[in-house]
$ cat entry35.txt   # compact mmCIF, C-alpha atoms and all ligand atoms
# COMPACT_ATOMS: atom_id res chain seq x y z
CA MET A 1 163.31 118.44 258.24
CA ILE A 2 161.98 121.99 257.90
CA LEU A 3 159.13 122.32 255.38
CA ILE A 4 158.22 125.65 253.84
CA PHE A 5 154.64 125.80 252.53
CA LEU A 6 154.67 128.26 249.65
CA GLY A 7 151.73 129.45 247.59
CA PRO A 8 149.23 132.28 247.18
CA PRO A 9 146.53 133.21 249.71
CA GLY A 10 143.87 130.49 249.52
CA ALA A 11 146.13 127.83 247.98
CA GLY A 12 145.44 125.55 250.95
CA LYS A 13 148.70 125.91 252.91
CA GLY A 14 147.01 126.21 256.30
CA THR A 15 144.51 123.44 255.55
CA GLN A 16 147.27 121.01 254.62
CA ALA A 17 149.59 122.10 257.44
CA LYS A 18 146.90 121.29 260.03
CA ILE A 19 146.24 117.85 258.48
CA ILE A 20 149.96 117.00 258.28
CA GLU A 21 150.46 118.23 261.86
CA GLU A 22 147.75 115.83 263.09
CA ARG A 23 149.14 112.84 261.23
CA PHE A 24 152.88 113.41 261.43
CA ALA A 25 155.44 114.66 263.93
CA HIS A 26 155.68 118.05 262.22
CA ARG A 27 154.44 121.13 264.06
CA GLN A 28 152.90 124.02 262.10
CA ILE A 29 154.29 127.51 262.61
CA SER A 30 151.96 129.92 260.79
CA THR A 31 153.09 133.53 260.55
CA GLY A 32 149.49 134.62 259.90
CA ASP A 33 148.25 132.86 263.06
CA LEU A 34 151.15 134.27 265.09
CA LEU A 35 150.44 137.81 263.88
CA ARG A 36 146.70 137.45 264.60
CA ALA A 37 147.56 136.25 268.14
CA HIS A 38 149.85 139.27 268.61
CA ARG A 39 146.99 141.51 267.46
CA ALA A 40 144.49 139.86 269.79
CA ASN A 41 146.94 140.30 272.70
CA LYS A 42 147.65 143.91 271.66
CA THR A 43 151.43 143.44 271.74
CA ALA A 44 153.65 146.13 270.21
CA LEU A 45 154.29 143.83 267.25
CA GLY A 46 150.58 143.13 266.82
CA LEU A 47 149.69 146.82 266.92
CA GLU A 48 152.36 147.61 264.35
CA ALA A 49 151.35 144.72 262.04
CA GLN A 50 147.63 145.52 262.17
CA SER A 51 147.45 148.29 259.59
CA TYR A 52 149.48 146.31 257.05
CA MET A 53 147.33 143.19 257.45
CA ASP A 54 144.07 145.13 257.20
CA ALA A 55 145.34 146.77 254.00
CA GLY A 56 146.28 143.39 252.47
CA LYS A 57 149.97 144.31 252.53
CA LEU A 58 152.92 142.33 253.80
CA VAL A 59 154.18 143.27 257.25
CA PRO A 60 157.73 144.78 257.07
CA ASP A 61 160.54 142.25 256.82
CA ASP A 62 162.39 143.34 259.96
CA LEU A 63 159.34 142.69 262.17
CA ILE A 64 158.69 139.29 260.61
CA ILE A 65 162.32 138.19 260.72
CA ARG A 66 162.62 139.13 264.41
CA MET A 67 159.39 137.27 265.22
CA MET A 68 160.50 134.18 263.30
CA GLU A 69 164.02 134.10 264.76
CA HIS A 70 162.32 133.82 268.13
CA GLU A 71 159.76 131.21 266.99
CA LEU A 72 162.33 129.08 265.18
CA ALA A 73 164.89 129.09 268.01
CA ASN A 74 164.33 125.40 268.80
CA ALA A 75 162.67 124.31 265.56
CA LYS A 76 163.63 121.04 263.91
CA ASP A 77 160.64 119.22 262.44
CA VAL A 78 158.30 122.06 261.56
CA ILE A 79 156.06 123.27 258.76
CA VAL A 80 156.64 126.96 258.22
CA ASP A 81 153.38 128.27 256.78
CA GLY A 82 153.54 131.82 255.42
CA PHE A 83 157.30 132.40 255.78
CA PRO A 84 159.44 133.39 254.00
CA ARG A 85 157.40 135.71 251.79
CA THR A 86 160.09 137.96 250.34
CA VAL A 87 163.63 137.37 249.10
CA ALA A 88 164.96 139.29 252.13
CA GLN A 89 163.06 136.92 254.46
CA ALA A 90 164.34 133.88 252.53
CA GLU A 91 167.94 135.08 252.85
CA ALA A 92 167.53 135.69 256.58
CA PHE A 93 165.96 132.23 256.92
CA ASP A 94 168.86 130.63 255.01
CA ALA A 95 171.33 132.26 257.40
CA LEU A 96 169.37 130.99 260.41
CA LEU A 97 169.23 127.46 259.00
CA ALA A 98 172.94 127.48 258.15
CA ALA A 99 173.80 128.53 261.71
CA LYS A 100 171.81 125.56 263.01
CA GLN A 101 173.06 123.19 260.30
CA LEU A 102 169.48 122.51 259.21
CA SER A 103 168.06 122.31 255.71
CA ALA A 104 164.64 123.20 254.39
CA LYS A 105 162.47 122.03 251.51
CA ALA A 106 159.79 124.20 249.91
CA VAL A 107 156.44 122.61 249.08
CA VAL A 108 154.96 124.78 246.33
CA PHE A 109 151.15 124.78 246.09
CA ASP A 110 150.38 125.18 242.38
CA VAL A 111 146.92 126.64 241.84
CA ASP A 112 145.03 128.83 239.35
CA GLN A 113 144.38 132.40 240.49
CA ASN A 114 140.74 132.09 239.43
CA VAL A 115 139.81 129.63 242.24
CA LEU A 116 141.33 131.72 245.04
CA MET A 117 138.62 134.36 245.41
CA ALA A 118 135.90 131.70 245.92
CA ARG A 119 138.07 129.78 248.37
CA LEU A 120 138.81 132.86 250.48
CA THR A 121 135.36 134.49 250.49
CA GLY A 122 133.83 131.12 251.56
CA ARG A 123 136.39 130.46 254.30
CA TRP A 124 135.40 130.24 257.97
CA THR A 125 138.16 130.13 260.58
CA ASN A 126 138.44 128.98 264.18
CA PRO A 127 140.21 131.99 265.73
CA ARG A 128 141.38 129.89 268.68
CA ASN A 129 143.55 127.45 266.70
CA GLY A 130 143.55 128.60 263.05
CA ARG A 131 141.60 125.56 261.74
CA VAL A 132 139.74 126.46 258.56
CA TYR A 133 136.54 125.35 256.84
CA HIS A 134 134.76 126.32 253.65
CA THR A 135 131.02 126.73 253.16
CA ILE A 136 131.11 124.47 250.06
CA PHE A 137 134.47 122.67 249.81
CA ASN A 138 134.95 121.71 253.48
CA PRO A 139 131.85 122.62 255.52
CA PRO A 140 131.66 122.14 259.30
CA ARG A 141 128.96 119.72 260.55
CA VAL A 142 127.01 122.69 261.98
CA PRO A 143 127.33 125.98 260.04
CA GLY A 144 129.46 128.52 261.93
CA ILE A 145 130.59 126.00 264.61
CA ASP A 146 133.93 124.20 264.84
CA ASP A 147 133.56 120.38 264.67
CA GLU A 148 136.20 119.84 267.34
CA ASP A 149 135.97 122.49 270.04
CA GLY A 150 132.31 123.44 269.46
CA GLY A 151 133.20 127.15 269.46
CA GLU A 152 132.21 129.82 266.96
CA LEU A 153 133.88 130.21 263.57
CA ILE A 154 134.57 133.66 262.16
CA GLN A 155 135.30 135.21 258.77
CA ARG A 156 138.73 136.85 258.69
CA PRO A 157 138.52 140.62 258.16
CA ASP A 158 141.12 140.38 255.35
CA ASP A 159 138.91 137.91 253.45
CA LYS A 160 136.88 140.76 251.90
CA ALA A 161 137.06 140.78 248.07
CA GLU A 162 138.91 144.11 247.79
CA THR A 163 141.53 143.10 250.39
CA ILE A 164 141.94 139.68 248.77
CA GLU A 165 142.77 141.39 245.46
CA LYS A 166 145.50 143.40 247.22
CA ARG A 167 146.89 140.29 248.92
CA LEU A 168 147.06 138.48 245.58
CA ARG A 169 148.95 141.41 244.04
CA GLU A 170 151.41 141.42 246.97
CA TYR A 171 151.90 137.68 246.45
CA GLU A 172 152.66 138.01 242.73
CA GLU A 173 155.05 140.89 243.25
CA LYS A 174 156.94 139.82 246.39
CA THR A 175 156.39 136.13 247.14
CA ALA A 176 156.04 134.33 243.78
CA PRO A 177 159.77 134.99 243.00
CA LEU A 178 160.59 132.60 245.86
CA ILE A 179 159.41 129.66 243.73
CA ALA A 180 162.40 130.24 241.45
CA TYR A 181 164.63 130.99 244.48
CA TYR A 182 164.01 127.53 245.97
CA GLY A 183 163.83 125.87 242.55
CA ARG A 184 167.33 127.11 241.67
CA ALA A 185 168.66 125.65 244.89
CA GLY A 186 167.02 122.29 244.00
CA ASN A 187 164.92 122.59 247.14
CA ALA A 188 161.35 122.75 245.82
CA ILE A 189 158.68 120.17 245.20
CA HIS A 190 155.36 121.04 243.53
CA VAL A 191 151.88 119.76 244.36
CA ASN A 192 148.66 120.25 242.42
CA ALA A 193 146.66 122.36 244.88
CA LEU A 194 143.63 122.45 242.56
CA ALA A 195 142.75 118.88 243.54
CA ASP A 196 140.40 117.95 246.40
CA ILE A 197 141.80 118.48 249.90
CA ALA A 198 142.40 114.75 250.57
CA VAL A 199 144.09 114.29 247.19
CA VAL A 200 146.44 117.21 247.89
CA THR A 201 147.33 115.66 251.26
CA ASP A 202 148.17 112.34 249.56
CA GLU A 203 150.39 114.14 247.07
CA VAL A 204 152.25 116.04 249.82
CA VAL A 205 152.76 112.86 251.84
CA LYS A 206 154.00 110.88 248.82
CA ALA A 207 156.46 113.64 247.96
CA LEU A 208 157.87 113.64 251.50
CA PRO A 209 158.66 110.02 252.43
CA GLY A 210 160.70 111.21 255.42
CA LEU A 211 157.62 112.35 257.41
CA ALA A 212 157.40 110.46 260.70
CA PRO A 213 153.88 109.38 261.77
CA THR A 214 152.67 110.58 265.19
CA GLY A 215 151.10 107.23 265.97
CA HIS A 216 147.52 108.35 265.45
CA ALA A 217 147.60 108.64 261.68
CA ALA A 218 144.31 108.37 259.78
P1 LIG A 301 148.25 134.43 256.24
O1 LIG A 301 147.36 134.15 257.38
O2 LIG A 301 149.50 133.65 256.08
O3 LIG A 301 147.36 134.39 254.93
P2 LIG A 301 147.71 133.94 253.43
O4 LIG A 301 149.05 133.57 253.02
O5 LIG A 301 147.11 135.05 252.71
O6 LIG A 301 147.16 132.56 253.35
P3 LIG A 301 145.75 132.12 253.68
O7 LIG A 301 145.65 131.74 255.13
O8 LIG A 301 144.77 133.15 253.22
O9 LIG A 301 145.61 130.88 252.68
P4 LIG A 301 146.00 129.35 252.81
O10 LIG A 301 146.88 128.99 251.65
O11 LIG A 301 146.50 128.99 254.17
O12 LIG A 301 144.58 128.72 252.51
P5 LIG A 301 143.62 127.87 253.46
O13 LIG A 301 144.24 126.54 253.77
O14 LIG A 301 143.13 128.68 254.60
O15 LIG A 301 148.69 135.98 256.24
C1 LIG A 301 147.78 137.01 256.56
C2 LIG A 301 148.51 138.35 256.56
O16 LIG A 301 149.56 138.35 257.56
C3 LIG A 301 149.23 138.72 255.26
O17 LIG A 301 148.35 139.31 254.33
C4 LIG A 301 150.29 139.69 255.77
O18 LIG A 301 149.76 140.95 256.05
C5 LIG A 301 150.70 139.06 257.09
N1 LIG A 301 151.83 138.12 256.97
C6 LIG A 301 151.82 136.78 257.23
N2 LIG A 301 153.02 136.26 257.02
C7 LIG A 301 153.82 137.27 256.59
C8 LIG A 301 155.19 137.32 256.20
N3 LIG A 301 155.99 136.24 256.19
N4 LIG A 301 155.68 138.54 255.81
C9 LIG A 301 154.92 139.64 255.81
N5 LIG A 301 153.62 139.64 256.18
C10 LIG A 301 153.07 138.46 256.57
O19 LIG A 301 142.43 127.59 252.42
C11 LIG A 301 141.60 128.66 251.99
C12 LIG A 301 140.15 128.16 251.84
O20 LIG A 301 140.10 127.20 250.78
C13 LIG A 301 139.61 127.46 253.09
O21 LIG A 301 138.26 127.80 253.25
C14 LIG A 301 139.76 125.95 252.77
O22 LIG A 301 138.75 125.17 253.39
C15 LIG A 301 139.63 125.93 251.26
N6 LIG A 301 140.48 124.93 250.62
C16 LIG A 301 141.75 124.59 250.98
N7 LIG A 301 142.22 123.64 250.15
C17 LIG A 301 141.24 123.39 249.24
C18 LIG A 301 141.13 122.50 248.12
N8 LIG A 301 142.13 121.69 247.78
N9 LIG A 301 139.97 122.51 247.42
C19 LIG A 301 138.93 123.34 247.76
N10 LIG A 301 138.99 124.19 248.84
C20 LIG A 301 140.13 124.21 249.55

$ encode --input "entry35.txt" --output "structure tokens" --more "lines below"
Ligand code: AP5
Amino acid sequence: MILIFLGPPGAGKGTQAKIIEERFAHRQISTGDLLRAHRANKTALGLEAQSYMDAGKLVPDDLIIRMMEHELANAKDVIVDGFPRTVAQAEAFDALLAAKQLSAKAVVFDVDQNVLMARLTGRWTNPRNGRVYHTIFNPPRVPGIDDEDGGELIQRPDDKAETIEKRLREYEEKTAPLIAYYGRAGNAIHVNALADIAVVTDEVVKALPGLAPTGHAA
């Protein structure tokens, strides 16, 4: 089963995708993490995406669709985190799924806009694997250090207040219409992403009884 995690910046998509990935046989594919890796490796795609990301804008559809066609070539049980983000991306994804005779379900993270700024300005990220923390809501054991690999955490450059505002506007204009897109197709479930992290995880897991445990579930 392909799962699409859909919601605004800061809704908790990445946080939940990492938890589900650890507990169940579903691998996370995060477009944001892929793009940041392309940037770090200075690939042509990364260099082209850079200015859009820094400005809080979506990267052009053709670049994203090409990247995802490659990433999804052998995908079966995956969580797609951050894709699709426009109707054009959703239509391209539908065509890809149809060609592979796969179906997808969207998990919509319902959240109030007014919590997102605090979540994003307090976020600290492990740039090596995309794991995220929050200074108040999910602090690491040692400030600035990842609990698992012991390496440094960073603040994402696009987590500045003015860039966050632009990202939220992009979301409302271009991505929020996808909630109705998947709803019309009967392919969306909603979770209350305002709840505590562990409560959100429970809700996602209950809504998706088909998830297969990895064998080292919590
Ligand atoms: P991307 O990296 O995908 O960023 P995003 O969608 O803006 O999502 P975030 O990672 O900011 O939020 P999240 O929902 O994952 O929240 P998180 O779990 O970290 O994209 C970055 C950029 O890449 C885009 O702006 C665009 O330029 C480009 N891009 C990517 N995909 C694209 C596409 N398909 N098309 C075009 N361009 C694309 O949580 C946030 C914080 O809140 C954390 O600190 C966490 O600890 C905390 N938190 C999480 N859950 C809770 C909770 N329940 N209660 C309290 N705190 C919580």

$ closest_residue --input "entry35.txt" --among "A:Arg36, A:Lys76, A:Lys105, A:Lys18" --to "Asn187 (chain A)" --atoms "all atoms listed in the file"
A:Lys105

$ residues_near_ligand --input "entry35.txt" --ligand "ligand LIG 301 (chain A)" --cutoff "7 Å" --atoms "all atoms listed in the file" --output "PyMOL selection string"
chain A and resi 7-16+30-33+35+52-53+56-61+64+81-85+119-120+122-124+132-134+137-138+167+193-197+200

$ closest_residue --input "entry35.txt" --among "A:Gln113, A:Arg131, A:Gly46, A:Ala106" --to "Glu165 (chain A)" --atoms "all atoms listed in the file"
A:Gln113

$ closest_residue --input "entry35.txt" --among "A:Met67, A:Val191, A:Ile79, A:Asp54" --to "Glu22 (chain A)" --atoms "all atoms listed in the file"
A:Ile79

$ closest_residue --input "entry35.txt" --among "A:Glu170, A:Phe5, A:Leu96, A:Thr121" --to "Glu71 (chain A)" --atoms "only C-alpha atoms"
A:Leu96

$ atom_distance --input "entry35.txt" --atom1 "CA of His26 (chain A)" --atom2 "CA of Met1 (chain A)"
8.6 Å

$ closest_residue --input "entry35.txt" --among "A:Leu168, A:Ala212, A:Leu178, A:Ala40" --to "Val108 (chain A)" --atoms "all atoms listed in the file"
A:Leu178

$ closest_residue --input "entry35.txt" --among "A:Ala180, A:Glu173, A:Asn126, A:Ser103" --to "Gln155 (chain A)" --atoms "all atoms listed in the file"
A:Asn126

$ axis_aligned_box --input "entry35.txt" --around "region 88-94 of chain A" --padding-each-side "4 Å" --output "lines of an AutoDock Vina configuration file"
center_x = 166.0
center_y = 135.0
center_z = 254.5
size_x = 13.8
size_y = 16.7
size_z = 12.8

$ residues_near_point --input "entry35.txt" --point "(144.1, 126.2, 270.1)" --cutoff "12 Å" --atoms "only C-alpha atoms" --output "JSON list (two decimals) with C-alpha atoms, in the frame of the given file"
[["chain", "number", "residue", "atom", "x", "y", "z"],
["A", 18, "LYS", "CA", 146.90, 121.29, 260.03],
["A", 33, "ASP", "CA", 148.25, 132.86, 263.06],
["A", 34, "LEU", "CA", 151.15, 134.27, 265.09],
["A", 37, "ALA", "CA", 147.56, 136.25, 268.14],
["A", 125, "THR", "CA", 138.16, 130.13, 260.58],
["A", 126, "ASN", "CA", 138.44, 128.98, 264.18],
["A", 127, "PRO", "CA", 140.21, 131.99, 265.73],
["A", 128, "ARG", "CA", 141.38, 129.89, 268.68],
["A", 129, "ASN", "CA", 143.55, 127.45, 266.70],
["A", 130, "GLY", "CA", 143.55, 128.60, 263.05],
["A", 131, "ARG", "CA", 141.60, 125.56, 261.74],
["A", 146, "ASP", "CA", 133.93, 124.20, 264.84],
["A", 148, "GLU", "CA", 136.20, 119.84, 267.34],
["A", 149, "ASP", "CA", 135.97, 122.49, 270.04],
["A", 151, "GLY", "CA", 133.20, 127.15, 269.46]]

$ atom_distance --input "entry35.txt" --atom1 "CA of Leu3 (chain A)" --atom2 "CA of Asp202 (chain A)"
15.9 Å

$ atom_distance --input "entry35.txt" --atom1 "CA of Leu72 (chain A)" --atom2 "CA of Gln28 (chain A)"
11.1 Å
